[in-house]
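So this one's coords-v1.csv, CSV, C-alpha atoms:
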```
chain,number,residue,atom,x,y,z
F,1,MET,CA,-20.8,-18.8,4.9
F,2,SER,CA,-19.2,-22.2,5.3
F,3,ASP,CA,-17.1,-21.6,2.1
F,4,ASN,CA,-15.7,-18.5,3.7
F,5,LEU,CA,-14.9,-20.3,6.9
F,6,GLU,CA,-13.2,-23.1,5.0
F,7,LEU,CA,-11.1,-20.6,3.1
F,8,LEU,CA,-10.1,-18.9,6.3
F,9,ARG,CA,-9.3,-22.3,7.9
F,10,SER,CA,-7.2,-23.4,4.9
F,11,THR,CA,-5.2,-20.2,4.7
F,12,ALA,CA,-4.8,-19.3,8.4
F,13,ALA,CA,-1.4,-20.8,8.6
F,14,LEU,CA,-0.2,-18.6,5.8
F,15,SER,CA,-0.5,-15.4,7.8
F,16,GLY,CA,0.4,-13.9,11.1
F,17,SER,CA,3.6,-15.0,12.7
F,18,ASN,CA,4.2,-17.6,9.9
F,19,ALA,CA,4.4,-14.9,7.2
F,20,ASN,CA,8.1,-14.3,7.4
F,21,PHE,CA,8.9,-18.0,7.3
F,22,ILE,CA,6.6,-18.6,4.3
F,23,GLU,CA,8.0,-15.5,2.5
F,24,GLU,CA,11.5,-17.0,2.9
F,25,ILE,CA,10.3,-20.3,1.5
F,26,TYR,CA,8.6,-18.5,-1.4
F,27,GLU,CA,11.9,-16.6,-2.1
F,28,GLN,CA,13.7,-19.9,-2.3
F,29,TYR,CA,11.0,-21.3,-4.5
F,30,LEU,CA,11.3,-18.3,-6.9
F,31,GLN,CA,15.1,-18.7,-7.1
F,32,ASP,CA,15.0,-22.5,-7.4
F,33,PRO,CA,11.7,-24.5,-7.2
F,34,GLY,CA,13.7,-27.7,-6.5
F,35,SER,CA,15.1,-26.3,-3.3
F,36,VAL,CA,11.8,-26.5,-1.4
F,37,SER,CA,9.9,-29.6,-0.4
F,38,ASP,CA,7.4,-31.1,-2.8
F,39,GLU,CA,4.4,-30.0,-0.6
F,40,TRP,CA,5.5,-26.3,-0.7
F,41,ARG,CA,6.4,-26.6,-4.4
F,42,ASN,CA,2.9,-27.9,-5.2
F,43,HIS,CA,1.3,-25.2,-3.1
F,44,PHE,CA,3.2,-22.4,-4.8
F,45,ASP,CA,2.6,-24.0,-8.3
F,46,GLN,CA,-1.1,-24.0,-7.5
F,47,MET,CA,-1.0,-20.4,-6.4
F,48,GLN,CA,0.7,-19.4,-9.7
F,49,SER,CA,-1.7,-21.4,-11.8
F,50,GLN,CA,-4.6,-19.7,-10.2
F,51,GLN,CA,-3.2,-16.3,-11.3
F,52,ALA,CA,-2.3,-17.3,-14.9
F,53,ASP,CA,-3.1,-13.8,-16.3
F,54,ALA,CA,-0.8,-12.1,-13.8
F,55,VAL,CA,2.9,-11.3,-14.4
F,56,ALA,CA,5.3,-13.9,-13.2
F,57,ASP,CA,6.5,-13.1,-9.7
F,58,VAL,CA,10.2,-12.4,-9.1
F,59,PRO,CA,12.2,-12.7,-5.9
F,60,HIS,CA,11.8,-9.6,-3.7
F,61,SER,CA,15.2,-9.8,-1.9
F,62,PRO,CA,17.2,-8.3,-4.8
F,63,VAL,CA,14.7,-5.5,-5.1
F,64,ARG,CA,14.9,-4.8,-1.3
F,65,GLN,CA,18.7,-4.9,-1.5
F,66,HIS,CA,18.7,-2.4,-4.4
F,67,PHE,CA,16.6,0.0,-2.5
F,68,ALA,CA,18.7,-0.4,0.6
F,69,LEU,CA,21.8,0.5,-1.5
F,70,LEU,CA,20.0,3.5,-2.9
F,71,ALA,CA,19.1,4.7,0.5
F,72,ARG,CA,22.7,4.5,1.7
F,73,ASP,CA,24.1,6.2,-1.4
F,74,LEU,CA,24.3,9.9,-0.5
F,75,ASN,CA,25.5,10.8,-4.0
F,76,HIS,CA,22.5,9.3,-5.8
F,77,PRO,CA,20.0,12.1,-6.7
F,78,THR,CA,16.5,11.6,-5.2
F,79,GLY,CA,14.8,13.5,-8.0
F,80,LEU,CA,13.3,16.1,-5.7
F,81,THR,CA,15.2,19.3,-5.3
F,82,GLU,CA,14.1,22.8,-4.6
F,83,SER,CA,14.5,23.8,-8.2
F,84,THR,CA,12.3,21.0,-9.4
F,85,LEU,CA,9.1,22.9,-8.5
F,86,THR,CA,8.2,26.3,-9.8
F,87,ALA,CA,6.8,28.9,-7.4
F,88,ASP,CA,3.3,28.3,-8.9
F,89,ALA,CA,3.6,24.5,-8.5
F,90,ALA,CA,4.9,24.9,-5.0
F,91,GLU,CA,1.9,27.1,-4.0
F,92,LYS,CA,-0.5,24.6,-5.6
F,93,GLN,CA,1.2,21.8,-3.7
F,94,ALA,CA,0.9,23.8,-0.4
F,95,ALA,CA,-2.8,24.3,-1.2
F,96,VAL,CA,-3.4,20.6,-1.7
F,97,LEU,CA,-1.6,19.9,1.6
F,98,ARG,CA,-3.8,22.5,3.4
F,99,LEU,CA,-7.0,20.9,1.8
F,100,ILE,CA,-5.8,17.4,3.0
F,101,ASN,CA,-5.2,18.8,6.5
F,102,ALA,CA,-8.7,20.4,6.5
F,103,TYR,CA,-10.3,17.1,5.7
F,104,ARG,CA,-8.2,15.4,8.3
F,105,VAL,CA,-9.1,17.9,11.0
F,106,ARG,CA,-12.6,18.9,10.0
F,107,GLY,CA,-13.8,16.1,7.7
F,108,HIS,CA,-16.0,14.5,10.4
F,109,GLN,CA,-17.9,17.7,10.6
F,110,HIS,CA,-18.4,17.9,6.9
F,111,ALA,CA,-19.6,14.3,6.6
F,112,GLU,CA,-23.3,13.7,6.6
F,113,LEU,CA,-23.5,11.1,9.5
F,114,ASP,CA,-26.7,12.2,11.2
F,115,PRO,CA,-29.6,10.0,10.0
F,116,LEU,CA,-32.1,12.5,11.5
F,117,THR,CA,-30.4,15.4,9.6
F,118,TYR,CA,-30.4,17.4,12.9
F,119,VAL,CA,-27.7,20.1,12.6
F,120,THR,CA,-27.3,22.7,15.3
F,121,GLY,CA,-25.2,25.9,15.1
F,122,TRP,CA,-22.5,26.9,12.7
F,123,MET,CA,-20.5,24.2,11.1
F,124,TYR,CA,-17.1,24.6,9.5
F,125,ARG,CA,-17.5,23.9,5.7
F,126,ILE,CA,-14.6,22.9,3.4
F,127,PHE,CA,-14.7,24.6,0.1
F,128,LEU,CA,-12.1,24.4,-2.7
F,129,ARG,CA,-12.2,28.1,-3.2
F,130,HIS,CA,-10.7,28.6,0.3
F,131,PHE,CA,-7.6,26.6,-0.8
F,132,ILE,CA,-7.2,28.3,-4.3
F,133,ILE,CA,-6.6,25.1,-6.2
```

Structure translated into structure tokens:
Amino acid sequence: MSDNLELLRSTAALSGSNANFIEEIYEQYLQDPGSVSDEWRNHFDQMQSQQADAVADVPHSPVRQHFALLARDLNHPTGLTESTLTADAAEKQAAVLRLINAYRVRGHQHAELDPLTYVTGWMYRIFLRHFII
């Protein structure tokens, strides 16, 4: 348990209200590692060495800017149009949405939560055949 507490203590400053500040420093580090202090550079180097098998991280700000431009561009096709779905596919999609809604609304009644297995009265059951999927 003390290892977990030590991990929490050592990383507590990296979250919460400090997250935006640290993300900005990390962005600077990704663009130019020499632009941050030695302490931060060592910390970020150590983070990347611990994840040696992972793909190298890239700055997120260009990606965010690109998506912001796409959102503002009204002429850019979104990929979803009414003609994209056939009538059969649209009906299946509607059935899936009805099934999801049924689990949202009635899922707690379908779950087996009673350790005594005491069930009274009629209970709404969710069956796939009702949704014709």

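Atom CA of F:Ala19 is found 14.9 Å from atom CA of F:His43.
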
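From atom CA of F:Trp40 back to atom CA of F:Ile25, the distance works out to 8.0 Å.
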
Exercise. To one decimal place, how far is atom CA of F:Ala13 from atom CA of F:Ala56 in Å?
Worked result: 23.8 Å

Exercise. Is there a way to get, as an NGL selection string, all residues within 12 Å of the point (4.6, -20.3, -6.2) in file coordinates, counting all atoms listed in the file?
Worked result: :F and (22-34 or 36 or 38-52 or 56-59)
